[in-house]
$ cat work_38.pdb   # PDB, C-alpha atoms
MODEL        1
ATOM      1  CA  MET A   1     -13.124  11.702  -3.729
ATOM      2  CA  LYS A   2     -11.172  12.089  -6.952
ATOM      3  CA  TYR A   3     -10.633   9.374  -9.538
ATOM      4  CA  VAL A   4      -7.554   8.980 -11.719
ATOM      5  CA  LYS A   5      -6.213   6.721 -14.452
ATOM      6  CA  LEU A   6      -3.846   4.053 -13.202
ATOM      7  CA  GLY A   7      -0.615   4.381 -15.136
ATOM      8  CA  ASN A   8      -0.551   2.768 -18.569
ATOM      9  CA  SER A   9      -3.712   0.768 -17.909
ATOM     10  CA  ASP A  10      -7.293   1.617 -18.848
ATOM     11  CA  ILE A  11      -8.316   1.392 -15.177
ATOM     12  CA  THR A  12      -9.618   4.346 -13.158
ATOM     13  CA  VAL A  13      -9.194   4.297  -9.388
ATOM     14  CA  SER A  14     -10.000   6.408  -6.337
ATOM     15  CA  THR A  15      -7.172   8.497  -4.898
ATOM     16  CA  ILE A  16      -7.518   6.569  -1.650
ATOM     17  CA  THR A  17      -7.246   2.798  -1.803
ATOM     18  CA  PHE A  18      -8.573   0.584   0.968
ATOM     19  CA  GLY A  19      -5.808  -1.653   2.320
ATOM     20  CA  THR A  20      -7.027  -5.011   3.624
ATOM     21  CA  TRP A  21      -4.005  -6.479   5.421
ATOM     22  CA  ALA A  22      -5.730  -6.045   8.788
ATOM     23  CA  ILE A  23      -9.005  -7.466   7.450
ATOM     24  CA  GLY A  24      -8.988 -11.078   8.534
ATOM     25  CA  ALA A  25      -5.204 -11.220   8.663
ATOM     26  CA  GLY A  26      -4.718 -12.249  12.253
ATOM     27  CA  LYS A  27      -2.974 -10.245  14.956
ATOM     28  CA  GLU A  28      -0.117  -8.663  12.963
ATOM     29  CA  TRP A  29      -1.700  -5.242  13.460
ATOM     30  CA  GLY A  30      -3.239  -5.643  16.883
ATOM     31  CA  LYS A  31      -6.569  -7.044  17.981
ATOM     32  CA  SER A  32      -8.681  -8.824  15.367
ATOM     33  CA  LEU A  33     -12.373  -8.056  15.003
ATOM     34  CA  ASP A  34     -15.300 -10.194  13.955
ATOM     35  CA  ASP A  35     -15.755 -10.530  10.193
ATOM     36  CA  SER A  36     -19.096  -8.734  10.458
ATOM     37  CA  GLU A  37     -17.205  -5.586  11.525
ATOM     38  CA  TYR A  38     -14.863  -5.890   8.569
ATOM     39  CA  VAL A  39     -17.792  -6.230   6.175
ATOM     40  CA  LYS A  40     -19.309  -3.024   7.586
ATOM     41  CA  THR A  41     -15.974  -1.297   7.149
ATOM     42  CA  LEU A  42     -15.603  -2.414   3.530
ATOM     43  CA  HIS A  43     -19.126  -1.233   2.718
ATOM     44  CA  ALA A  44     -18.418   2.083   4.446
ATOM     45  CA  ALA A  45     -15.343   2.506   2.244
ATOM     46  CA  TYR A  46     -17.390   2.001  -0.908
ATOM     47  CA  ASP A  47     -20.142   4.330   0.366
ATOM     48  CA  GLN A  48     -17.473   6.997   0.936
ATOM     49  CA  GLY A  49     -16.353   6.777  -2.689
ATOM     50  CA  ILE A  50     -13.442   4.362  -2.400
ATOM     51  CA  THR A  51     -13.491   2.056  -5.410
ATOM     52  CA  PHE A  52      -9.993   0.545  -5.193
ATOM     53  CA  PHE A  53      -9.330  -2.321  -2.761
ATOM     54  CA  ASP A  54      -5.871  -3.822  -2.269
ATOM     55  CA  THR A  55      -5.165  -7.273  -0.863
ATOM     56  CA  ALA A  56      -2.695 -10.170  -1.197
ATOM     57  CA  ASN A  57      -2.769 -13.929  -0.983
ATOM     58  CA  GLY A  58      -0.377 -13.685   1.955
ATOM     59  CA  TYR A  59      -2.669 -11.571   4.125
ATOM     60  CA  GLY A  60      -3.992 -14.074   6.631
ATOM     61  CA  ASN A  61      -3.076 -16.899   4.233
ATOM     62  CA  GLY A  62      -5.785 -15.735   1.862
ATOM     63  CA  ARG A  63      -8.356 -14.774   4.483
ATOM     64  CA  SER A  64      -8.335 -11.106   3.506
ATOM     65  CA  GLU A  65      -9.083 -12.063  -0.095
ATOM     66  CA  GLU A  66     -11.974 -14.216   1.108
ATOM     67  CA  VAL A  67     -13.533 -11.470   3.222
ATOM     68  CA  LEU A  68     -13.170  -8.930   0.413
ATOM     69  CA  GLY A  69     -14.562 -11.294  -2.208
ATOM     70  CA  ASN A  70     -17.524 -12.325  -0.100
ATOM     71  CA  THR A  71     -18.385  -8.708   0.701
ATOM     72  CA  PHE A  72     -18.541  -7.544  -2.912
ATOM     73  CA  LYS A  73     -19.568 -10.686  -4.785
ATOM     74  CA  SER A  74     -22.961  -9.165  -5.671
ATOM     75  CA  ASN A  75     -21.546  -5.917  -7.090
ATOM     76  CA  ARG A  76     -18.076  -6.956  -8.204
ATOM     77  CA  GLU A  77     -18.172  -4.755 -11.308
ATOM     78  CA  LYS A  78     -18.374  -1.590  -9.192
ATOM     79  CA  ILE A  79     -14.978  -2.011  -7.544
ATOM     80  CA  ILE A  80     -11.355  -2.385  -8.607
ATOM     81  CA  ILE A  81      -9.342  -5.151  -6.942
ATOM     82  CA  SER A  82      -5.588  -5.510  -6.731
ATOM     83  CA  THR A  83      -3.953  -8.556  -5.221
ATOM     84  CA  LYS A  84      -0.440  -9.922  -5.214
ATOM     85  CA  SER A  85       1.789 -12.922  -4.688
ATOM     86  CA  GLY A  86       5.499 -13.532  -4.215
ATOM     87  CA  SER A  87       7.867 -14.010  -7.141
ATOM     88  CA  PRO A  88       8.518 -17.759  -6.542
ATOM     89  CA  THR A  89       4.786 -18.534  -6.926
ATOM     90  CA  LEU A  90       4.557 -16.823 -10.312
ATOM     91  CA  VAL A  91       6.723 -19.152 -12.364
ATOM     92  CA  LYS A  92       5.886 -21.371 -15.314
ATOM     93  CA  ASP A  93       4.533 -24.396 -13.439
ATOM     94  CA  ASN A  94       2.649 -22.498 -10.742
ATOM     95  CA  ALA A  95       1.603 -18.999 -11.896
ATOM     96  CA  GLU A  96      -1.819 -19.946 -13.252
ATOM     97  CA  LYS A  97      -2.694 -21.992 -10.158
ATOM     98  CA  THR A  98      -1.616 -19.083  -7.949
ATOM     99  CA  VAL A  99      -3.878 -16.670  -9.801
ATOM    100  CA  ASP A 100      -6.726 -19.184  -9.977
ATOM    101  CA  ASP A 101      -6.561 -19.610  -6.205
ATOM    102  CA  CYS A 102      -6.831 -15.830  -5.784
ATOM    103  CA  LEU A 103      -9.791 -15.749  -8.171
ATOM    104  CA  ARG A 104     -11.527 -18.457  -6.151
ATOM    105  CA  ARG A 105     -11.034 -16.693  -2.838
ATOM    106  CA  LEU A 106     -12.111 -13.353  -4.328
ATOM    107  CA  GLN A 107     -15.163 -15.003  -5.957
ATOM    108  CA  THR A 108     -14.486 -13.347  -9.296
ATOM    109  CA  ASP A 109     -13.375 -14.384 -12.775
ATOM    110  CA  TYR A 110     -10.880 -11.532 -13.233
ATOM    111  CA  ILE A 111      -8.460  -9.490 -11.162
ATOM    112  CA  ASP A 112      -7.991  -5.863 -12.137
ATOM    113  CA  VAL A 113      -4.381  -5.511 -10.974
ATOM    114  CA  PHE A 114      -2.067  -8.405 -10.161
ATOM    115  CA  LEU A 115       1.261  -7.520  -8.566
ATOM    116  CA  ILE A 116       4.516  -9.355  -7.961
ATOM    117  CA  HIS A 117       4.681  -8.809  -4.200
ATOM    118  CA  TRP A 118       8.461  -8.954  -3.708
ATOM    119  CA  PRO A 119      11.453  -9.640  -5.945
ATOM    120  CA  ASN A 120      13.443 -12.807  -5.281
ATOM    121  CA  LEU A 121      17.115 -13.646  -5.682
ATOM    122  CA  THR A 122      16.424 -17.104  -7.151
ATOM    123  CA  VAL A 123      13.737 -16.145  -9.682
ATOM    124  CA  ASP A 124      14.197 -14.116 -12.832
ATOM    125  CA  VAL A 125      11.509 -11.412 -12.740
ATOM    126  CA  ARG A 126      11.212 -11.673 -16.526
ATOM    127  CA  GLU A 127       9.713 -15.149 -16.069
ATOM    128  CA  ASN A 128       7.150 -13.648 -13.669
ATOM    129  CA  MET A 129       6.236 -11.001 -16.228
ATOM    130  CA  GLU A 130       5.966 -13.528 -19.047
ATOM    131  CA  GLN A 131       3.612 -15.738 -17.046
ATOM    132  CA  LEU A 132       1.447 -12.818 -15.923
ATOM    133  CA  ASN A 133       1.200 -11.572 -19.503
ATOM    134  CA  LYS A 134      -0.090 -14.987 -20.566
ATOM    135  CA  LEU A 135      -2.774 -14.766 -17.897
ATOM    136  CA  LYS A 136      -3.570 -11.252 -19.036
ATOM    137  CA  GLU A 137      -4.115 -12.577 -22.556
ATOM    138  CA  LYS A 138      -6.522 -15.156 -21.082
ATOM    139  CA  GLY A 139      -8.489 -12.385 -19.383
ATOM    140  CA  LYS A 140      -7.755 -13.544 -15.856
ATOM    141  CA  ILE A 141      -5.957 -10.310 -15.003
ATOM    142  CA  ARG A 142      -6.352  -6.846 -16.519
ATOM    143  CA  SER A 143      -3.032  -5.233 -15.621
ATOM    144  CA  ILE A 144       0.327  -6.026 -14.067
ATOM    145  CA  GLY A 145       2.152  -4.346 -11.224
ATOM    146  CA  VAL A 146       5.176  -4.776  -8.991
ATOM    147  CA  SER A 147       5.648  -4.070  -5.295
ATOM    148  CA  ASN A 148       8.808  -3.330  -3.300
ATOM    149  CA  PHE A 149      11.023  -3.247  -6.392
ATOM    150  CA  THR A 150      14.186  -1.230  -6.962
ATOM    151  CA  ILE A 151      14.834   0.637 -10.217
ATOM    152  CA  LYS A 152      17.103  -2.218 -11.312
ATOM    153  CA  HIS A 153      14.327  -4.750 -10.746
ATOM    154  CA  MET A 154      11.832  -2.586 -12.629
ATOM    155  CA  LYS A 155      14.135  -2.025 -15.586
ATOM    156  CA  LYS A 156      14.647  -5.763 -15.871
ATOM    157  CA  ALA A 157      10.938  -6.518 -15.527
ATOM    158  CA  ILE A 158       9.891  -3.980 -18.107
ATOM    159  CA  THR A 159      11.925  -5.762 -20.790
ATOM    160  CA  ALA A 160       9.430  -8.637 -20.538
ATOM    161  CA  GLY A 161       6.175  -6.703 -20.374
ATOM    162  CA  GLN A 162       4.338  -3.528 -19.487
ATOM    163  CA  ILE A 163       4.259  -2.466 -15.850
ATOM    164  CA  ASP A 164       1.108  -0.495 -15.080
ATOM    165  CA  VAL A 165       1.580   0.185 -11.393
ATOM    166  CA  PHE A 166       4.251   0.236  -8.712
ATOM    167  CA  GLN A 167       3.371  -0.325  -5.047
ATOM    168  CA  PRO A 168       6.028   1.038  -2.668
ATOM    169  CA  CYS A 169       6.112   1.931   1.001
ATOM    170  CA  TYR A 170       5.820   5.721   1.240
ATOM    171  CA  SER A 171       4.822   8.223   3.878
ATOM    172  CA  LEU A 172       6.081  11.376   5.538
ATOM    173  CA  TYR A 173       8.412   9.134   7.541
ATOM    174  CA  TRP A 174       9.450   6.693   4.790
ATOM    175  CA  ARG A 175      10.785   8.469   1.703
ATOM    176  CA  GLN A 176      13.089   6.060  -0.144
ATOM    177  CA  ILE A 177      11.213   6.352  -3.456
ATOM    178  CA  GLU A 178      12.168  10.021  -3.670
ATOM    179  CA  ASN A 179      15.695   8.818  -4.520
ATOM    180  CA  GLY A 180      14.938   8.142  -8.181
ATOM    181  CA  LEU A 181      12.097   5.612  -8.135
ATOM    182  CA  LEU A 182       9.301   8.184  -8.203
ATOM    183  CA  ASP A 183      10.920   9.986 -11.133
ATOM    184  CA  TYR A 184      11.383   6.674 -12.958
ATOM    185  CA  CYS A 185       7.665   5.927 -12.611
ATOM    186  CA  LYS A 186       6.698   9.412 -13.802
ATOM    187  CA  ASP A 187       9.013   9.110 -16.818
ATOM    188  CA  ASN A 188       7.481   5.732 -17.754
ATOM    189  CA  ASN A 189       3.836   6.572 -16.918
ATOM    190  CA  ILE A 190       3.720   3.913 -14.226
ATOM    191  CA  GLY A 191       1.010   4.472 -11.633
ATOM    192  CA  VAL A 192       2.155   4.653  -8.010
ATOM    193  CA  MET A 193      -0.019   3.275  -5.206
ATOM    194  CA  THR A 194       1.698   3.839  -1.877
ATOM    195  CA  TYR A 195       1.282   1.597   1.134
ATOM    196  CA  SER A 196       1.813   2.378   4.818
ATOM    197  CA  SER A 197       0.686   5.908   3.987
ATOM    198  CA  ILE A 198       0.226   6.754   7.671
ATOM    199  CA  ALA A 199       3.361   4.857   8.673
ATOM    200  CA  SER A 200       1.594   1.769  10.044
ATOM    201  CA  GLY A 201      -0.528   3.995  12.282
ATOM    202  CA  LEU A 202       2.381   6.000  13.655
ATOM    203  CA  LEU A 203       1.047   9.147  11.960
ATOM    204  CA  THR A 204      -2.345   8.841  13.603
ATOM    205  CA  GLY A 205      -0.847  10.532  16.645
ATOM    206  CA  LYS A 206      -2.499   8.049  19.010
ATOM    207  CA  PHE A 207       0.712   6.481  20.289
ATOM    208  CA  THR A 208       2.775   7.697  23.247
ATOM    209  CA  LYS A 209       6.436   7.009  24.074
ATOM    210  CA  ASP A 210       5.481   4.402  26.654
ATOM    211  CA  TRP A 211       3.007   2.583  24.393
ATOM    212  CA  VAL A 212       3.184  -1.207  24.714
ATOM    213  CA  PHE A 213       2.302  -3.279  21.646
ATOM    214  CA  ASP A 214       1.058  -6.862  21.846
ATOM    215  CA  GLU A 215       3.792  -9.438  21.345
ATOM    216  CA  THR A 216       2.223 -10.589  18.063
ATOM    217  CA  ASP A 217       1.920  -7.024  16.711
ATOM    218  CA  MET A 218       4.404  -6.303  13.916
ATOM    219  CA  ARG A 219       5.028  -2.901  15.483
ATOM    220  CA  ASN A 220       6.483  -4.498  18.589
ATOM    221  CA  ASN A 221       9.982  -3.180  17.807
ATOM    222  CA  LYS A 222      10.139  -5.399  14.718
ATOM    223  CA  ILE A 223      10.087  -2.791  11.927
ATOM    224  CA  ALA A 224      12.162   0.293  11.294
ATOM    225  CA  LEU A 225       9.862   3.108  12.381
ATOM    226  CA  PHE A 226       8.985   1.315  15.620
ATOM    227  CA  LYS A 227      12.515   0.738  16.815
ATOM    228  CA  LYS A 228      12.767   2.475  20.185
ATOM    229  CA  ASP A 229      14.898   5.478  19.196
ATOM    230  CA  VAL A 230      13.055   6.061  15.916
ATOM    231  CA  PHE A 231       9.657   5.638  17.544
ATOM    232  CA  GLU A 232      10.485   8.161  20.258
ATOM    233  CA  LYS A 233      11.737  10.660  17.663
ATOM    234  CA  ALA A 234       8.524  10.178  15.672
ATOM    235  CA  ILE A 235       6.366  10.899  18.722
ATOM    236  CA  ILE A 236       8.198  14.209  19.218
ATOM    237  CA  THR A 237       7.903  15.007  15.499
ATOM    238  CA  ASN A 238       4.192  14.201  15.555
ATOM    239  CA  GLU A 239       3.776  16.970  18.100
ATOM    240  CA  LYS A 240       5.377  19.427  15.672
ATOM    241  CA  LEU A 241       3.195  18.241  12.801
ATOM    242  CA  GLN A 242       0.106  18.610  14.970
ATOM    243  CA  TYR A 243       0.408  22.369  14.448
ATOM    244  CA  TYR A 244      -0.691  21.889  10.837
ATOM    245  CA  ALA A 245      -3.511  19.551  11.809
ATOM    246  CA  ASP A 246      -4.804  22.249  14.138
ATOM    247  CA  LYS A 247      -4.333  24.920  11.483
ATOM    248  CA  TYR A 248      -6.526  23.083   8.968
ATOM    249  CA  LYS A 249      -8.866  21.629  11.603
ATOM    250  CA  LYS A 250      -7.932  18.095  10.580
ATOM    251  CA  THR A 251      -6.440  15.085  12.314
ATOM    252  CA  LEU A 252      -2.756  14.273  12.023
ATOM    253  CA  ALA A 253      -3.618  11.203   9.940
ATOM    254  CA  GLN A 254      -5.643  13.331   7.509
ATOM    255  CA  ILE A 255      -2.712  15.719   7.126
ATOM    256  CA  ALA A 256      -0.368  12.785   6.471
ATOM    257  CA  ILE A 257      -2.667  11.197   3.863
ATOM    258  CA  ASN A 258      -3.309  14.537   2.194
ATOM    259  CA  TRP A 259       0.430  15.156   1.944
ATOM    260  CA  VAL A 260       0.934  11.809   0.186
ATOM    261  CA  ILE A 261      -1.920  12.068  -2.323
ATOM    262  CA  ASN A 262      -0.846  15.567  -3.307
ATOM    263  CA  LYS A 263       2.748  14.550  -3.938
ATOM    264  CA  GLU A 264       3.539  14.801  -7.651
ATOM    265  CA  GLY A 265       3.707  11.313  -9.146
ATOM    266  CA  ILE A 266       1.503   9.582  -6.572
ATOM    267  CA  THR A 267      -1.656   8.059  -8.059
ATOM    268  CA  THR A 268      -3.375   6.669  -4.969
ATOM    269  CA  ALA A 269      -2.569   6.083  -1.310
ATOM    270  CA  ILE A 270      -3.395   2.772   0.337
ATOM    271  CA  VAL A 271      -4.824   3.316   3.817
ATOM    272  CA  GLY A 272      -5.992   0.437   5.959
ATOM    273  CA  ALA A 273      -8.807   0.440   8.495
ATOM    274  CA  LYS A 274     -10.612  -2.018  10.743
ATOM    275  CA  ARG A 275     -13.661   0.049  11.638
ATOM    276  CA  ALA A 276     -16.087   2.088   9.544
ATOM    277  CA  VAL A 277     -15.439   5.260  11.545
ATOM    278  CA  GLN A 278     -11.753   5.052  10.614
ATOM    279  CA  VAL A 279     -12.593   4.906   6.917
ATOM    280  CA  ILE A 280     -14.873   7.916   7.174
ATOM    281  CA  ASP A 281     -12.105   9.867   8.903
ATOM    282  CA  ASN A 282      -9.523   8.801   6.305
ATOM    283  CA  VAL A 283     -11.648   9.969   3.387
ATOM    284  CA  LYS A 284     -11.792  13.456   4.891
ATOM    285  CA  ALA A 285      -8.138  13.725   3.892
ATOM    286  CA  THR A 286      -9.282  14.280   0.307
ATOM    287  CA  ASP A 287     -11.492  17.333   0.821
ATOM    288  CA  PHE A 288      -8.925  20.067   1.425
ATOM    289  CA  ILE A 289      -5.764  21.581  -0.019
ATOM    290  CA  MET A 290      -3.019  23.045   2.124
ATOM    291  CA  ASP A 291      -0.910  26.062   1.234
ATOM    292  CA  LYS A 292       2.088  25.111  -0.921
ATOM    293  CA  GLU A 293       4.538  26.307   1.681
ATOM    294  CA  ASP A 294       2.880  24.091   4.280
ATOM    295  CA  TYR A 295       3.375  20.978   2.143
ATOM    296  CA  VAL A 296       7.044  21.873   1.934
ATOM    297  CA  LYS A 297       7.397  22.635   5.626
ATOM    298  CA  ILE A 298       5.603  19.449   6.680
ATOM    299  CA  GLY A 299       7.945  17.427   4.498
ATOM    300  CA  GLU A 300      10.969  19.155   5.966
ATOM    301  CA  ILE A 301       9.856  18.535   9.562
ATOM    302  CA  ALA A 302       9.251  14.833   8.864
ATOM    303  CA  MET A 303      12.722  14.358   7.363
ATOM    304  CA  SER A 304      14.198  14.169  10.859
ATOM    305  CA  VAL A 305      12.482  10.790  11.269
ATOM    306  CA  TYR A 306      13.181   9.530   7.756
ATOM    307  CA  ASN A 307      16.876  10.313   8.146
ATOM    308  CA  MET A 308      17.017   7.745  10.961
ATOM    309  CA  VAL A 309      15.814   4.920   8.667
ATOM    310  CA  ASN A 310      17.137   5.963   5.261
ATOM    311  CA  ASP A 311      19.748   3.189   5.307
ATOM    312  CA  TRP A 312      17.092   0.458   5.657
ATOM    313  CA  ASP A 313      16.411  -1.433   2.404
ATOM    314  CA  THR A 314      12.838  -2.137   3.458
ATOM    315  CA  MET A 315      10.696  -1.258   6.453
ATOM    316  CA  TYR A 316      11.434  -4.773   7.754
ATOM    317  CA  GLN A 317      15.184  -5.120   7.234
ATOM    318  CA  LYS A 318      18.219  -2.851   7.140
ATOM    319  CA  ASP A 319      20.005  -5.150   4.715
ATOM    320  CA  ASP A 320      17.277  -7.017   2.821
ATOM    321  CA  PRO A 321      18.783  -9.507   0.322
ATOM    322  CA  ARG A 322      15.644  -9.301  -1.851
ATOM    323  CA  MET A 323      16.620  -5.767  -2.798
ATOM    324  CA  LYS A 324      19.973  -6.819  -4.237
ATOM    325  CA  LEU A 325      20.297  -7.272  -7.976
ATOM    326  CA  ASP A 326      23.578  -7.346  -9.884
TER     327      ASP A 326
ENDMDL
END
$ encode --input "work_38.pdb" --output "structure tokens"
Amino acid sequence: MKYVKLGNSDITVSTITFGTWAIGAGKEWGKSLDDSEYVKTLHAAYDQGITFFDTANGYGNGRSEEVLGNTFKSNREKIIISTKSGSPTLVKDNAEKTVDDCLRRLQTDYIDVFLIHWPNLTVDVRENMEQLNKLKEKGKIRSIGVSNFTIKHMKKAITAGQIDVFQPCYSLYWRQIENGLLDYCKDNNIGVMTYSSIASGLLTGKFTKDWVFDETDMRNNKIALFKKDVFEKAIITNEKLQYYADKYKKTLAQIAINWVINKEGITTAIVGAKRAVQVIDNVKATDFIMDKEDYVKIGEIAMSVYNMVNDWDTMYQKDDPRMKLD
């Protein structure tokens, strides 16, 4: 595992971040497990060298924060925690309560990285930044980040305070940030922590064209990459990418994670897991380097899937009003 400085902050993080949406967050990502399994998984992540754990107050209505906080309450200082909340909750009369609630669930007196989860048409992001900076001055948060922002949103936010980290969706199959956002972050020394790094499990290679998701599963034809035509194209493309997994004696998921963390400008890749064995497999994505031409070729092959969703504003909506800013 490698460790890198997170943007403009004084925080050092592992190049793989543990994503906790599936930890205690209900059935959005398939079958839920007992909390005892999640605790084992979180400990396995730390034992494998992962020091950065990402959550949000919206994951299971705070349940993911609770499980994470309870697991590491005795060695809190050894890990880095990022959590987030929506823009409307981070305004003058509510921002401190929102952060205090996160602190309570996480059983800590500080949060390393606090992110504005999504922009909002009715809230000026500069007010969010001003309120978070006040909480930073109080020592309740150490750094400020934004998630799912456009360049316009970021330029507006940065007039009211320093942005240390940007959290976008990014994978071989979801490449929107290559259209200027990644360069903007590099130019402004903003750390980039990608989410959905294995495309919500699509790049594990475990799915088949006739796979049936549970009705409650978010991948049940509800998000871009799992729409029927895109999903079927991805399954075919996975088979082409498997050549490189075989070449390096790795899994498809390890190839996909490795590709992300070795992309110039990416600081750390968020990868979720429910079971300890999944974490151990994910970490193996950090112990090899592919030939330069293979990184290029893999990216080129995957573009056939990305080109089918490149007109979606977010992975959830083709025309997402939150992404609009005059």
$ closest_residue --input "work_38.pdb" --among "A:Met303, A:Val279, A:Ile79, A:Leu172" --to "A:Lys263" --atoms "only C-alpha atoms"
A:Leu172
$ resolve_selection --input "work_38.pdb" --expression "the PyMOL selection byres ((chain A and resi 3-16) around 6)" --output "list of chain:residue names"
A:Lys2, A:Thr17, A:Ile50, A:Thr51, A:Phe52, A:Asp164, A:Asn189, A:Ile190, A:Gly191, A:Thr268, A:Ala269, A:Ile270
$ resolve_selection --input "work_38.pdb" --expression "the PyMOL selection byres ((chain A and resi 58) around 12)" --output "list in words"
Thr20, Trp21, Ala22, Ile23, Gly24, Ala25, Gly26, Thr55, Ala56, Asn57, Tyr59, Gly60, Asn61, Gly62, Arg63, Ser64, Glu65, Glu66, Thr83, Lys84, Ser85, Gly86, Thr89, Thr98, Asp101, Cys102, Ile116, His117 and Trp118 of chain A
$ resolve_selection --input "work_38.pdb" --expression "the PyMOL selection byres ((chain A and resi 43) around 12)" --output "count of residues only"
32
$ closest_residue --input "work_38.pdb" --among "A:Arg76, A:Arg105, A:Lys240, A:Lys209" --to "A:Phe226" --atoms "only C-alpha atoms"
A:Lys209
$ residues_near_point --input "work_38.pdb" --point "(20.6, -3.5, -4.3)" --cutoff "7 Å" --atoms "all atoms listed in the file" --output "PyMOL selection string"
chain A and resi 323-325
$ residues_around --input "work_38.pdb" --residues "A:Lys186" --least-positions-apart "5" --cutoff "9 Å" --atoms "all atoms listed in the file" --output "list of chain:residue names"
A:Gly7, A:Leu181, A:Gly191, A:Val192, A:Glu264, A:Gly265, A:Ile266
$ write_last_selection --input "work_38.pdb" --atoms "C-alpha atoms" --output "JSON list (two decimals), in the coordinates of the input"
[["chain", "number", "residue", "atom", "x", "y", "z"],
["A", 7, "GLY", "CA", -0.62, 4.38, -15.14],
["A", 181, "LEU", "CA", 12.10, 5.61, -8.14],
["A", 191, "GLY", "CA", 1.01, 4.47, -11.63],
["A", 192, "VAL", "CA", 2.15, 4.65, -8.01],
["A", 264, "GLU", "CA", 3.54, 14.80, -7.65],
["A", 265, "GLY", "CA", 3.71, 11.31, -9.15],
["A", 266, "ILE", "CA", 1.50, 9.58, -6.57]]
$ closest_residue --input "work_38.pdb" --among "A:Val123, A:Ile236, A:Leu241, A:Ile257" --to "A:Asp281" --atoms "all atoms listed in the file"
A:Ile257
$ decode --input "work_38.pdb" --residues "stretch 257-288 of chain A" --atoms "C-alpha atoms" --output "mmCIF file, in the first residue's frame"
data_model
loop_
_atom_site.group_PDB
_atom_site.id
_atom_site.type_symbol
_atom_site.label_atom_id
_atom_site.label_comp_id
_atom_site.auth_asym_id
_atom_site.auth_seq_id
_atom_site.Cartn_x
_atom_site.Cartn_y
_atom_site.Cartn_z
ATOM 1 C CA ILE A 257 -8.628 -0.506 -9.620
ATOM 2 C CA ASN A 258 -4.994 -0.474 -10.690
ATOM 3 C CA TRP A 259 -5.907 1.492 -13.809
ATOM 4 C CA VAL A 260 -7.669 4.141 -11.704
ATOM 5 C CA ILE A 261 -4.992 4.594 -9.034
ATOM 6 C CA ASN A 262 -2.295 4.925 -11.677
ATOM 7 C CA LYS A 263 -4.166 7.597 -13.602
ATOM 8 C CA GLU A 264 -2.324 10.916 -13.345
ATOM 9 C CA GLY A 265 -4.196 13.219 -10.974
ATOM 10 C CA ILE A 266 -5.965 10.510 -8.971
ATOM 11 C CA THR A 267 -5.035 10.504 -5.277
ATOM 12 C CA THR A 268 -7.020 7.535 -3.983
ATOM 13 C CA ALA A 269 -9.727 5.187 -5.227
ATOM 14 C CA ILE A 270 -12.736 4.400 -3.063
ATOM 15 C CA VAL A 271 -13.604 0.704 -3.253
ATOM 16 C CA GLY A 272 -16.417 -0.784 -1.224
ATOM 17 C CA ALA A 273 -16.628 -4.286 0.208
ATOM 18 C CA LYS A 274 -18.926 -6.314 2.435
ATOM 19 C CA ARG A 275 -16.633 -9.220 3.248
ATOM 20 C CA ALA A 276 -13.023 -9.396 4.416
ATOM 21 C CA VAL A 277 -11.985 -11.589 1.484
ATOM 22 C CA GLN A 278 -13.131 -8.863 -0.915
ATOM 23 C CA VAL A 279 -10.936 -6.289 0.803
ATOM 24 C CA ILE A 280 -7.911 -8.560 0.644
ATOM 25 C CA ASP A 281 -8.493 -9.075 -3.078
ATOM 26 C CA ASN A 282 -8.947 -5.336 -3.680
ATOM 27 C CA VAL A 283 -5.669 -4.439 -1.992
ATOM 28 C CA LYS A 284 -3.813 -6.738 -4.384
ATOM 29 C CA ALA A 285 -4.555 -4.112 -7.026
ATOM 30 C CA THR A 286 -1.774 -1.992 -5.530
ATOM 31 C CA ASP A 287 1.118 -4.444 -5.838
ATOM 32 C CA PHE A 288 1.799 -4.389 -9.574
#
